[in-house]
>>> print(open('model-v1.txt').read())   # compact mmCIF, C-alpha atoms
# COMPACT_ATOMS: atom_id res chain seq x y z
CA MET A 1 -86.15 60.27 62.24
CA PRO A 2 -86.67 59.69 58.51
CA GLU A 3 -89.10 61.90 56.64
CA THR A 4 -91.83 60.66 54.30
CA HIS A 5 -92.11 62.67 51.10
CA GLY A 6 -95.21 62.48 48.94
CA ALA A 7 -98.50 63.64 50.37
CA PRO A 8 -98.07 65.93 53.40
CA ARG A 9 -98.01 63.95 56.64
CA ARG A 10 -100.72 64.30 59.24
CA ARG A 11 -99.39 65.48 62.58
CA ASP A 12 -100.32 62.20 64.24
CA GLU A 13 -98.68 60.08 61.53
CA ARG A 14 -95.55 58.35 62.77
CA SER A 15 -92.36 58.05 60.77
CA GLN A 16 -91.75 54.64 59.25
CA PRO A 17 -88.46 52.72 59.19
CA SER A 18 -86.10 54.08 56.58
CA ARG A 19 -85.40 50.74 54.93
CA SER A 20 -88.34 50.29 52.56
CA ARG A 21 -88.34 47.34 50.17
CA ASP A 22 -88.89 47.00 46.44
CA ALA A 23 -91.36 44.64 44.74
CA SER A 24 -88.96 41.68 44.96
CA GLY A 25 -88.59 42.08 48.73
CA ARG A 26 -85.00 43.32 48.57
CA ASP A 27 -83.88 46.54 50.22
CA ALA A 28 -84.72 49.44 47.93
CA PRO A 29 -81.63 51.28 46.67
CA LEU A 30 -80.51 54.65 47.94
CA TYR A 31 -80.78 57.78 45.80
CA GLY A 32 -79.14 61.15 46.32
CA ALA A 33 -80.01 64.70 45.25
CA LEU A 34 -77.53 67.55 45.68
CA ASP A 35 -78.45 71.18 45.02
CA LEU A 36 -75.77 73.89 45.03
CA GLY A 37 -77.58 77.21 44.97
CA THR A 38 -76.59 80.84 45.28
CA ASN A 39 -77.10 80.76 49.04
CA ASN A 40 -77.35 77.12 50.16
CA CYS A 41 -75.76 73.73 49.61
CA ARG A 42 -78.29 70.97 50.28
CA LEU A 43 -78.28 67.20 50.07
CA LEU A 44 -80.99 64.55 50.42
CA ILE A 45 -80.42 60.80 50.50
CA ALA A 46 -83.56 58.67 50.29
CA ARG A 47 -85.10 55.31 49.43
CA PRO A 48 -88.17 54.85 47.23
CA SER A 49 -91.40 54.02 49.04
CA ARG A 50 -95.04 53.64 48.09
CA GLU A 51 -95.71 57.19 49.28
CA GLY A 52 -92.86 58.62 47.22
CA PHE A 53 -89.61 58.27 49.14
CA ARG A 54 -88.20 58.16 52.65
CA VAL A 55 -85.32 60.44 53.61
CA VAL A 56 -82.53 58.60 55.42
CA ASP A 57 -80.02 61.46 55.54
CA SER A 58 -79.98 65.18 54.80
CA PHE A 59 -77.55 68.07 54.92
CA SER A 60 -77.97 71.82 54.52
CA ARG A 61 -75.49 74.62 54.91
CA ILE A 62 -75.61 78.32 54.02
CA VAL A 63 -72.55 78.99 51.86
CA ARG A 64 -73.45 82.27 50.09
CA LEU A 65 -71.72 81.18 46.91
CA GLY A 66 -73.21 84.16 45.06
CA GLU A 67 -71.98 86.77 47.52
CA GLY A 68 -70.76 89.80 45.54
CA LEU A 69 -71.57 88.13 42.19
CA SER A 70 -74.02 90.85 41.14
CA ARG A 71 -71.24 93.44 41.46
CA THR A 72 -68.26 91.59 39.99
CA GLY A 73 -69.67 88.87 37.73
CA LEU A 74 -67.35 86.41 39.48
CA LEU A 75 -67.57 83.89 42.29
CA ASP A 76 -65.56 85.24 45.22
CA PRO A 77 -62.63 83.02 46.35
CA ARG A 78 -63.87 82.90 49.95
CA ALA A 79 -67.38 82.02 48.78
CA MET A 80 -66.00 79.22 46.62
CA ASP A 81 -64.01 77.89 49.58
CA ARG A 82 -67.16 77.84 51.74
CA ALA A 83 -69.10 76.02 49.05
CA TYR A 84 -66.24 73.58 48.39
CA ASP A 85 -66.02 72.65 52.09
CA ALA A 86 -69.77 71.98 52.21
CA LEU A 87 -69.62 69.91 49.02
CA ALA A 88 -66.73 67.87 50.43
CA LEU A 89 -68.89 67.01 53.45
CA CYS A 90 -71.71 66.01 51.09
CA ALA A 91 -69.34 63.76 49.15
CA GLU A 92 -68.30 62.06 52.38
CA ARG A 93 -71.93 61.41 53.34
CA ILE A 94 -72.71 60.03 49.89
CA VAL A 95 -69.80 57.57 50.10
CA ARG A 96 -70.55 56.66 53.72
CA LYS A 97 -74.19 55.87 52.91
CA GLY A 98 -73.22 53.87 49.83
CA VAL A 99 -75.14 55.85 47.20
CA ASP A 100 -74.27 54.58 43.74
CA SER A 101 -73.05 57.35 41.42
CA ALA A 102 -75.69 56.31 38.89
CA ARG A 103 -78.40 57.22 41.41
CA LEU A 104 -76.95 60.60 42.39
CA SER A 105 -78.28 63.78 40.79
CA ALA A 106 -76.07 66.78 41.53
CA VAL A 107 -76.89 70.20 40.11
CA ALA A 108 -75.82 73.83 40.41
CA THR A 109 -78.07 76.79 39.70
CA GLN A 110 -77.98 80.56 39.30
CA ALA A 111 -74.60 81.47 40.84
CA CYS A 112 -72.69 79.02 38.68
CA ARG A 113 -74.84 79.88 35.65
CA ALA A 114 -74.13 83.59 35.92
CA ALA A 115 -70.50 83.67 37.05
CA GLU A 116 -67.69 83.90 34.51
CA ASN A 117 -65.73 81.42 36.62
CA GLY A 118 -68.69 79.16 37.41
CA ALA A 119 -67.53 76.33 35.14
CA ASP A 120 -64.01 76.55 36.60
CA PHE A 121 -65.43 76.08 40.10
CA ILE A 122 -67.46 73.06 38.96
CA ASP A 123 -64.25 71.56 37.55
CA ARG A 124 -62.42 72.20 40.83
CA VAL A 125 -65.19 70.39 42.72
CA ARG A 126 -65.03 67.42 40.34
CA LYS A 127 -61.26 67.07 40.71
CA GLY A 128 -61.23 67.55 44.47
CA THR A 129 -64.35 65.69 45.65
CA GLY A 130 -65.37 63.46 42.76
CA LEU A 131 -68.78 65.17 42.57
CA ARG A 132 -69.94 65.88 39.02
CA LEU A 133 -72.22 68.90 39.30
CA ARG A 134 -74.36 69.78 36.30
CA ILE A 135 -75.27 73.43 35.78
CA ILE A 136 -78.97 73.47 34.94
CA ASP A 137 -80.84 76.20 33.07
CA PRO A 138 -83.76 78.18 34.58
CA ALA A 139 -86.37 76.11 32.72
CA GLU A 140 -85.18 72.86 34.29
CA GLU A 141 -84.84 74.51 37.69
CA ALA A 142 -88.46 75.70 37.52
CA ARG A 143 -89.70 72.29 36.34
CA LEU A 144 -87.91 70.44 39.14
CA ALA A 145 -89.32 72.80 41.78
CA VAL A 146 -92.83 72.11 40.45
CA GLU A 147 -92.17 68.36 40.48
CA GLY A 148 -91.19 68.52 44.14
CA CYS A 149 -94.30 70.50 45.16
CA LEU A 150 -97.08 68.84 43.16
CA ASN A 151 -98.55 67.04 46.18
CA LEU A 152 -99.18 70.36 47.93
CA ILE A 153 -101.60 71.68 45.31
CA ASP A 154 -105.22 72.05 46.40
CA PRO A 155 -107.17 69.59 44.20
CA LYS A 156 -110.06 72.07 44.05
CA ALA A 157 -107.92 74.86 42.59
CA GLU A 158 -108.20 75.77 38.91
CA ALA A 159 -104.72 77.27 38.63
CA VAL A 160 -101.56 77.45 40.72
CA LEU A 161 -98.45 79.61 40.75
CA VAL A 162 -95.36 77.86 42.16
CA ILE A 163 -92.71 80.33 43.37
CA ASP A 164 -89.17 79.09 44.00
CA VAL A 165 -87.27 81.93 45.67
CA GLY A 166 -83.55 81.35 45.39
CA GLY A 167 -80.50 83.36 46.31
CA GLY A 168 -79.83 84.69 42.81
CA SER A 169 -83.09 84.17 40.94
CA THR A 170 -86.78 83.46 41.42
CA GLU A 171 -88.48 80.84 39.27
CA MET A 172 -92.24 81.15 38.74
CA SER A 173 -94.39 78.44 37.14
CA TRP A 174 -98.10 78.83 36.33
CA LEU A 175 -100.00 75.55 36.27
CA LYS A 176 -103.47 74.86 34.92
CA ARG A 177 -105.65 71.82 35.49
CA SER A 178 -105.85 69.40 32.58
CA GLY A 179 -108.33 66.73 33.59
CA SER A 180 -106.86 65.12 36.70
CA ASP A 181 -103.34 66.37 35.90
CA TRP A 182 -101.54 69.70 36.01
CA THR A 183 -99.74 71.20 33.05
CA THR A 184 -97.34 74.14 32.98
CA ALA A 185 -99.07 76.95 31.09
CA ALA A 186 -96.24 79.49 31.50
CA TRP A 187 -93.04 80.05 33.42
CA MET A 188 -90.42 82.72 33.91
CA SER A 189 -87.14 83.21 35.74
CA ALA A 190 -86.61 86.61 37.34
CA PRO A 191 -82.91 87.46 37.90
CA VAL A 192 -83.76 88.57 41.45
CA GLY A 193 -83.19 86.46 44.56
CA VAL A 194 -82.72 87.11 48.26
CA VAL A 195 -78.94 87.59 47.97
CA THR A 196 -79.05 89.89 44.94
CA LEU A 197 -81.95 91.90 46.39
CA ALA A 198 -80.27 92.29 49.79
CA GLU A 199 -77.05 93.43 48.11
CA ARG A 200 -78.88 95.96 45.95
CA HIS A 201 -80.79 97.31 48.94
CA PRO A 202 -78.60 97.12 52.07
CA GLU A 203 -80.63 97.73 55.20
CA PRO A 204 -80.06 101.27 56.50
CA PRO A 205 -80.02 102.20 60.21
CA ASN A 206 -83.57 102.73 61.48
CA SER A 207 -84.89 101.26 58.24
CA GLY A 208 -88.41 102.31 57.41
CA GLU A 209 -91.16 101.29 55.02
CA ALA A 210 -89.47 103.04 52.07
CA TRP A 211 -86.52 100.60 52.16
CA TYR A 212 -88.82 97.57 52.13
CA GLU A 213 -91.01 99.05 49.40
CA ALA A 214 -87.93 99.63 47.25
CA MET A 215 -87.24 95.88 47.36
CA VAL A 216 -90.87 95.08 46.51
CA ALA A 217 -90.72 97.51 43.58
CA ASP A 218 -87.46 95.97 42.32
CA MET A 219 -89.02 92.51 42.20
CA GLY A 220 -92.24 93.93 40.78
CA ALA A 221 -90.30 95.40 37.85
CA ALA A 222 -88.67 92.00 37.20
CA ILE A 223 -92.09 90.31 37.15
CA ALA A 224 -93.48 92.93 34.76
CA ALA A 225 -90.48 92.46 32.46
CA GLY A 226 -91.41 88.76 32.15
CA GLY A 227 -94.48 89.71 30.10
CA ILE A 228 -96.88 87.24 31.74
CA ILE A 229 -98.79 89.80 33.79
CA ASP A 230 -101.70 90.02 31.29
CA ASP A 231 -102.27 86.28 31.10
CA PRO A 232 -105.98 85.21 31.15
CA MET A 233 -105.22 83.08 34.26
CA LEU A 234 -104.89 86.30 36.25
CA GLU A 235 -108.66 86.46 36.65
CA LEU A 236 -108.68 83.06 38.38
CA PHE A 237 -106.31 84.47 41.02
CA ARG A 238 -108.42 87.59 41.46
CA GLN A 239 -111.49 85.42 42.01
CA ASN A 240 -109.70 83.21 44.58
CA ARG A 241 -110.02 80.17 42.31
CA ALA A 242 -106.24 79.75 42.33
CA HIS A 243 -103.47 79.82 44.92
CA LEU A 244 -99.73 80.16 45.36
CA VAL A 245 -97.19 77.55 46.46
CA GLY A 246 -94.04 79.09 47.93
CA THR A 247 -90.81 77.16 48.30
CA SER A 248 -87.64 78.67 49.78
CA GLY A 249 -85.85 79.15 53.08
CA ALA A 250 -87.17 82.72 53.16
CA ILE A 251 -90.80 81.61 52.89
CA THR A 252 -90.44 78.77 55.39
CA SER A 253 -88.81 81.24 57.80
CA LEU A 254 -91.78 83.55 57.32
CA ALA A 255 -94.04 80.62 58.22
CA GLY A 256 -92.01 79.90 61.35
CA ILE A 257 -92.47 83.51 62.49
CA HIS A 258 -96.20 83.29 61.76
CA LEU A 259 -96.47 80.15 63.91
CA ASN A 260 -94.31 81.63 66.74
CA LEU A 261 -92.17 78.49 66.72
CA PRO A 262 -89.54 78.30 69.48
CA ARG A 263 -87.46 76.25 67.01
CA TYR A 264 -87.97 75.32 63.38
CA ASN A 265 -90.32 72.34 62.91
CA ARG A 266 -90.63 71.00 59.37
CA ASP A 267 -93.73 68.93 60.17
CA ARG A 268 -95.62 72.09 61.12
CA VAL A 269 -94.29 74.26 58.29
CA ASP A 270 -94.40 71.99 55.23
CA GLY A 271 -97.93 72.11 53.83
CA LEU A 272 -99.01 75.06 56.00
CA TRP A 273 -101.66 77.36 54.53
CA MET A 274 -101.10 81.08 55.07
CA THR A 275 -103.38 83.90 54.01
CA ARG A 276 -102.07 87.01 52.36
CA ALA A 277 -102.81 88.87 55.60
CA ASP A 278 -100.74 86.27 57.52
CA CYS A 279 -97.77 86.88 55.20
CA GLU A 280 -98.02 90.65 55.58
CA ALA A 281 -98.31 90.40 59.38
CA ALA A 282 -95.22 88.15 59.55
CA ALA A 283 -93.28 90.61 57.37
CA ASP A 284 -94.34 93.49 59.64
CA GLN A 285 -93.13 91.50 62.64
CA LEU A 286 -89.75 90.95 60.97
CA LYS A 287 -89.41 94.66 60.20
CA ALA A 288 -90.16 95.52 63.84
CA LEU A 289 -87.55 93.06 65.12
CA GLY A 290 -84.67 94.76 63.33
CA PRO A 291 -81.46 92.95 62.28
CA ASP A 292 -80.42 91.91 65.79
CA GLY A 293 -83.89 90.68 66.71
CA ARG A 294 -84.16 88.67 63.49
CA ALA A 295 -80.77 87.09 64.16
CA ARG A 296 -82.01 85.88 67.56
CA GLU A 297 -85.11 84.23 66.09
CA ALA A 298 -84.68 80.44 66.07
CA CYS A 299 -86.38 80.10 62.66
CA ILE A 300 -84.03 82.66 61.08
CA GLY A 301 -80.66 82.91 62.84
CA PRO A 302 -77.71 85.18 62.05
CA ASP A 303 -77.03 83.63 58.63
CA ARG A 304 -80.48 84.60 57.30
CA ALA A 305 -81.09 87.79 59.28
CA ASP A 306 -80.21 90.06 56.36
CA LEU A 307 -81.99 87.93 53.75
CA VAL A 308 -85.38 86.99 55.18
CA LEU A 309 -86.99 90.38 54.53
CA ALA A 310 -85.73 90.31 50.95
CA GLY A 311 -87.62 87.00 50.63
CA ALA A 312 -90.73 88.56 52.17
CA ALA A 313 -90.47 91.45 49.69
CA ILE A 314 -90.25 89.02 46.75
CA LEU A 315 -93.35 87.19 47.96
CA GLU A 316 -95.15 90.51 48.48
CA ALA A 317 -94.36 91.59 44.91
CA VAL A 318 -95.72 88.31 43.55
CA GLN A 319 -98.88 88.62 45.63
CA ARG A 320 -99.48 92.13 44.33
CA ALA A 321 -99.02 91.04 40.72
CA TRP A 322 -100.97 87.79 41.10
CA PRO A 323 -103.44 88.44 43.94
CA SER A 324 -104.38 85.31 45.85
CA GLN A 325 -105.70 84.96 49.36
CA ARG A 326 -103.86 81.68 49.99
CA VAL A 327 -100.25 80.57 49.96
CA ARG A 328 -99.19 77.00 50.67
CA VAL A 329 -95.76 76.81 52.24
CA ALA A 330 -93.42 74.12 50.88
CA ASP A 331 -90.36 72.86 52.72
CA ARG A 332 -89.51 70.92 49.59
CA GLY A 333 -88.64 71.73 46.02
CA LEU A 334 -85.74 71.15 43.64
CA ARG A 335 -84.01 68.32 45.52
CA GLU A 336 -87.27 66.45 45.94
CA GLY A 337 -87.98 66.96 42.24
CA LEU A 338 -84.58 65.50 41.36
CA LEU A 339 -85.22 62.43 43.50
CA LEU A 340 -88.72 61.80 42.14
CA GLN A 341 -87.52 62.26 38.56
CA ARG A 342 -84.64 59.81 38.90
CA MET A 343 -86.74 57.22 40.74
CA ARG A 344 -89.43 57.45 38.07
CA GLU A 345 -86.85 57.03 35.29
CA ASP A 346 -85.49 53.89 36.95
CA LYS A 347 -88.96 52.35 37.05
CA LYS A 348 -89.24 52.51 33.26
CA PRO A 349 -88.24 49.26 31.53
CA PRO A 350 -85.14 49.67 29.35
CA ARG A 351 -85.82 50.06 25.64
CA GLY A 352 -85.50 46.89 23.63
CA ARG A 353 -86.20 44.56 26.55
CA ARG A 354 -89.92 44.29 26.04
CA ARG A 355 -90.83 41.65 23.44
CA ARG A 356 -94.27 40.76 22.27
CA ARG A 357 -95.09 37.08 22.58
CA GLY A 358 -94.98 35.17 19.30
CA ARG A 359 -93.24 38.01 17.43
CA GLY A 360 -89.59 37.15 18.10
CA ARG A 361 -87.39 35.59 15.40
CA PRO A 362 -85.29 32.44 15.96
CA ALA A 363 -81.73 33.19 16.94
CA SER A 364 -80.40 31.44 13.82
CA ALA A 365 -82.48 33.54 11.42
CA ALA A 366 -80.43 35.67 9.01
>>> encode(input="model-v1.txt", output="structure tokens")
Amino acid sequence: MPETHGAPRRRDERSQPSRSRDASGRDAPLYGALDLGTNNCRLLIARPSREGFRVVDSFSRIVRLGEGLSRTGLLDPRAMDRAYDALALCAERIVRKGVDSARLSAVATQACRAAENGADFIDRVRKGTGLRLRIIDPAEEARLAVEGCLNLIDPKAEAVLVIDVGGGSTEMSWLKRSGSDWTTAAWMSAPVGVVTLAERHPEPPNSGEAWYEAMVADMGAAIAAGGIIDDPMLELFRQNRAHLVGTSGAITSLAGIHLNLPRYNRDRVDGLWMTRADCEAAADQLKALGPDGRAREACIGPDRADLVLAGAAILEAVQRAWPSQRVRVADRGLREGLLLQRMREDKKPPRGRRRRRGRGRPASAA
């Protein structure tokens, strides 16, 4: 069934048909957003709607493009092959659905930014699949994640911290209320993600609290190095007048464990409020499960079993630095931001087309 993106759906709200219409009554065009990250390759295809947009097709595959990157500085050939195969499937879906290339936004993030051979891989993808991936910088990545999560912000909050936990980096954006709008007061990109953290701290046999705390400390040092820890907004978080928004597979997996879901359910996870105690309890449960137990969990699976606790440690480090009793879980982010941005751009009238009445010159005028 198609998904409605915009305000979070109520549980009793039914999905609408995927073919929404524009103001002229014609079928609204399809848009695509493709995100090649350090760990995942994800695609959304959607049509504009009054609520935002309606998803008509989606694809997600764990490719671990950044595997070994922190040690070698290069994308591994096997990792590139995995990512290429996933991108080829995305290209087929895009063609099959009839998405115009002008309405496709395709980006690559930290792995391709950091790797010496990242641009070469992007060129290989272009020649082999026709996909033109654009490597975006951390500032744009953070802004797009915020764009995709804006509708999850509590309107009563005075400040918000949006955390986008990726495979190779974590983007953090601090928002402050400006009238009825939200403005970005500060942002930073920490070069720590679930893949890099898991590679730096491989799980030992009979892992104890010291191993987990080492990951928390690693992320804590990265946050401190960003220099935003003494910001005046910190007091709003301490007084529970602000909250966090967390977007990533690691955080949504944590939510699935908290809810005891027999299988992942986006409608129950996206928009879920978790307390800090809920997050800590879910992390404790993951530690107790061990690698094999985590692999058997439906909301985690074998592909994420060695990464989900790294994600929990990143969230824990953020919560210690910016204490807040509430976290809103987002099963949305960069792709949704890409779609909303492109749809909004297409609504703007082209420059030069608008003419004021009575101000135009005759065609024959010199």
>>> closest_residue(input="model-v1.txt", among="A:Ala79, A:Leu144, A:Gly293, A:Ala198", to="Ser173 in chain A", atoms="all atoms listed in the file")
A:Leu144
>>> residues_around(input="model-v1.txt", residues="Leu197 in chain A", least_positions_apart="3", cutoff="10 Å", atoms="only C-alpha atoms", output="list in words")
Ser70, Gly167, Gly168, Ser169, Pro191, Val192, Gly193, Val194, Arg200, His201, Pro202, Ala214, Met215, Val216, Asp218, Met219, Leu307, Leu309, Ala310, Gly311, Ala313 and Ile314 of chain A
>>> residues_near_point(input="model-v1.txt", point="(-88.6, 62.8, 39.2)", cutoff="12 Å", atoms="only C-alpha atoms", output="ChimeraX atom specification")
/A:6,31-33,48,52-53,103,105,140,143-150,333-348
>>> closest_residue(input="model-v1.txt", among="A:Gly166, A:Pro77, A:Gly226, A:Gly66", to="Ala186 in chain A", atoms="all atoms listed in the file")
A:Gly226
>>> atom_distance(input="model-v1.txt", atom1="CA of Thr252 in chain A", atom2="CA of Arg61 in chain A")
15.5 Å
>>> residues_around(input="model-v1.txt", residues="Leu254 in chain A", least_positions_apart="5", cutoff="9 Å", atoms="all atoms listed in the file", output="list of chain:residue names")
A:Gly249, A:Leu259, A:Cys279, A:Ala282, A:Ala283, A:Leu286, A:Cys299, A:Ile300, A:Val308, A:Leu309, A:Gly311, A:Ala312
>>> atom_distance(input="model-v1.txt", atom1="CA of Thr196 in chain A", atom2="CA of Gly220 in chain A")
14.4 Å
>>> atom_distance(input="model-v1.txt", atom1="CA of Ala221 in chain A", atom2="CA of Ala317 in chain A")
9.0 Å
>>> closest_residue(input="model-v1.txt", among="A:Ala210, A:Leu152, A:Ala277, A:Ile122", to="Val245 in chain A", atoms="all atoms listed in the file")
A:Leu152
>>> residues_around(input="model-v1.txt", residues="Asp181 in chain A", least_positions_apart="4", cutoff="10 Å", atoms="only C-alpha atoms", output="list in words")
Leu150, Pro155, Leu175, Lys176 and Arg177 of chain A
>>> residues_around(input="model-v1.txt", residues="Arg276 in chain A", least_positions_apart="3", cutoff="9 Å", atoms="all atoms listed in the file", output="PyMOL selection string")
chain A and resi 279-281+316+319+323-327
>>> residues_around(input="model-v1.txt", residues="Val95 in chain A", least_positions_apart="3", cutoff="12 Å", atoms="only C-alpha atoms", output="ChimeraX atom specification")
/A:30-32,45,88-92,98-101,104,129-131
>>> closest_residue(input="model-v1.txt", among="A:Arg332, A:Lys156, A:Arg113, A:Arg47", to="Thr247 in chain A", atoms="only C-alpha atoms")
A:Arg332
>>> closest_residue(input="model-v1.txt", among="A:Ala288, A:Ala298, A:Leu43, A:Ala106", to="Val55 in chain A", atoms="all atoms listed in the file")
A:Leu43
>>> closest_residue(input="model-v1.txt", among="A:Asp231, A:Glu209, A:Asp303, A:Glu141", to="Arg64 in chain A", atoms="all atoms listed in the file")
A:Asp303
>>> build_atoms(input="model-v1.txt", residues="range 124-142 of chain A", atoms="N, CA, C and O atoms", output="PDB file, in the coordinates of the input")
ATOM      1  N   ARG A 124     -63.180  72.351  39.588  1.00  0.00           N
ATOM      2  CA  ARG A 124     -62.420  72.200  40.830  1.00  0.00           C
ATOM      3  C   ARG A 124     -63.117  71.205  41.763  1.00  0.00           C
ATOM      4  O   ARG A 124     -62.466  70.350  42.388  1.00  0.00           O
ATOM      5  N   VAL A 125     -64.428  71.301  41.862  1.00  0.00           N
ATOM      6  CA  VAL A 125     -65.190  70.390  42.720  1.00  0.00           C
ATOM      7  C   VAL A 125     -65.056  68.954  42.221  1.00  0.00           C
ATOM      8  O   VAL A 125     -64.859  68.018  43.012  1.00  0.00           O
ATOM      9  N   ARG A 126     -65.147  68.771  40.899  1.00  0.00           N
ATOM     10  CA  ARG A 126     -65.030  67.420  40.340  1.00  0.00           C
ATOM     11  C   ARG A 126     -63.677  66.804  40.665  1.00  0.00           C
ATOM     12  O   ARG A 126     -63.582  65.645  41.082  1.00  0.00           O
ATOM     13  N   LYS A 127     -62.604  67.588  40.472  1.00  0.00           N
ATOM     14  CA  LYS A 127     -61.260  67.070  40.710  1.00  0.00           C
ATOM     15  C   LYS A 127     -60.987  66.821  42.191  1.00  0.00           C
ATOM     16  O   LYS A 127     -60.284  65.880  42.551  1.00  0.00           O
ATOM     17  N   GLY A 128     -61.546  67.660  43.055  1.00  0.00           N
ATOM     18  CA  GLY A 128     -61.230  67.550  44.470  1.00  0.00           C
ATOM     19  C   GLY A 128     -62.122  66.625  45.264  1.00  0.00           C
ATOM     20  O   GLY A 128     -61.676  66.026  46.246  1.00  0.00           O
ATOM     21  N   THR A 129     -63.388  66.493  44.863  1.00  0.00           N
ATOM     22  CA  THR A 129     -64.350  65.690  45.650  1.00  0.00           C
ATOM     23  C   THR A 129     -64.917  64.508  44.884  1.00  0.00           C
ATOM     24  O   THR A 129     -65.513  63.617  45.482  1.00  0.00           O
ATOM     25  N   GLY A 130     -64.768  64.517  43.566  1.00  0.00           N
ATOM     26  CA  GLY A 130     -65.370  63.460  42.760  1.00  0.00           C
ATOM     27  C   GLY A 130     -66.810  63.753  42.373  1.00  0.00           C
ATOM     28  O   GLY A 130     -67.399  63.003  41.584  1.00  0.00           O
ATOM     29  N   LEU A 131     -67.396  64.820  42.900  1.00  0.00           N
ATOM     30  CA  LEU A 131     -68.780  65.170  42.570  1.00  0.00           C
ATOM     31  C   LEU A 131     -68.849  65.815  41.197  1.00  0.00           C
ATOM     32  O   LEU A 131     -68.098  66.747  40.892  1.00  0.00           O
ATOM     33  N   ARG A 132     -69.749  65.332  40.365  1.00  0.00           N
ATOM     34  CA  ARG A 132     -69.940  65.880  39.020  1.00  0.00           C
ATOM     35  C   ARG A 132     -71.225  66.701  39.015  1.00  0.00           C
ATOM     36  O   ARG A 132     -72.311  66.178  38.791  1.00  0.00           O
ATOM     37  N   LEU A 133     -71.072  67.988  39.280  1.00  0.00           N
ATOM     38  CA  LEU A 133     -72.220  68.900  39.300  1.00  0.00           C
ATOM     39  C   LEU A 133     -72.571  69.325  37.888  1.00  0.00           C
ATOM     40  O   LEU A 133     -71.688  69.642  37.079  1.00  0.00           O
ATOM     41  N   ARG A 134     -73.855  69.341  37.608  1.00  0.00           N
ATOM     42  CA  ARG A 134     -74.360  69.780  36.300  1.00  0.00           C
ATOM     43  C   ARG A 134     -75.050  71.126  36.473  1.00  0.00           C
ATOM     44  O   ARG A 134     -75.953  71.263  37.305  1.00  0.00           O
ATOM     45  N   ILE A 135     -74.625  72.126  35.712  1.00  0.00           N
ATOM     46  CA  ILE A 135     -75.270  73.430  35.780  1.00  0.00           C
ATOM     47  C   ILE A 135     -76.555  73.371  34.970  1.00  0.00           C
ATOM     48  O   ILE A 135     -76.527  73.100  33.760  1.00  0.00           O
ATOM     49  N   ILE A 136     -77.688  73.573  35.624  1.00  0.00           N
ATOM     50  CA  ILE A 136     -78.970  73.470  34.940  1.00  0.00           C
ATOM     51  C   ILE A 136     -79.479  74.854  34.552  1.00  0.00           C
ATOM     52  O   ILE A 136     -79.143  75.855  35.192  1.00  0.00           O
ATOM     53  N   ASP A 137     -80.304  74.918  33.510  1.00  0.00           N
ATOM     54  CA  ASP A 137     -80.840  76.200  33.070  1.00  0.00           C
ATOM     55  C   ASP A 137     -82.102  76.538  33.871  1.00  0.00           C
ATOM     56  O   ASP A 137     -82.646  75.683  34.588  1.00  0.00           O
ATOM     57  N   PRO A 138     -82.586  77.780  33.789  1.00  0.00           N
ATOM     58  CA  PRO A 138     -83.760  78.180  34.580  1.00  0.00           C
ATOM     59  C   PRO A 138     -85.004  77.353  34.307  1.00  0.00           C
ATOM     60  O   PRO A 138     -85.791  77.103  35.217  1.00  0.00           O
ATOM     61  N   ALA A 139     -85.183  76.904  33.062  1.00  0.00           N
ATOM     62  CA  ALA A 139     -86.370  76.110  32.720  1.00  0.00           C
ATOM     63  C   ALA A 139     -86.380  74.799  33.492  1.00  0.00           C
ATOM     64  O   ALA A 139     -87.410  74.387  34.044  1.00  0.00           O
ATOM     65  N   GLU A 140     -85.236  74.122  33.548  1.00  0.00           N
ATOM     66  CA  GLU A 140     -85.180  72.860  34.290  1.00  0.00           C
ATOM     67  C   GLU A 140     -85.313  73.107  35.781  1.00  0.00           C
ATOM     68  O   GLU A 140     -85.966  72.329  36.492  1.00  0.00           O
ATOM     69  N   GLU A 141     -84.725  74.187  36.265  1.00  0.00           N
ATOM     70  CA  GLU A 141     -84.840  74.510  37.690  1.00  0.00           C
ATOM     71  C   GLU A 141     -86.300  74.718  38.071  1.00  0.00           C
ATOM     72  O   GLU A 141     -86.769  74.213  39.101  1.00  0.00           O
ATOM     73  N   ALA A 142     -87.041  75.461  37.243  1.00  0.00           N
ATOM     74  CA  ALA A 142     -88.460  75.700  37.520  1.00  0.00           C
ATOM     75  C   ALA A 142     -89.250  74.397  37.472  1.00  0.00           C
ATOM     76  O   ALA A 142     -90.110  74.134  38.323  1.00  0.00           O
TER      77      ALA A 142
END
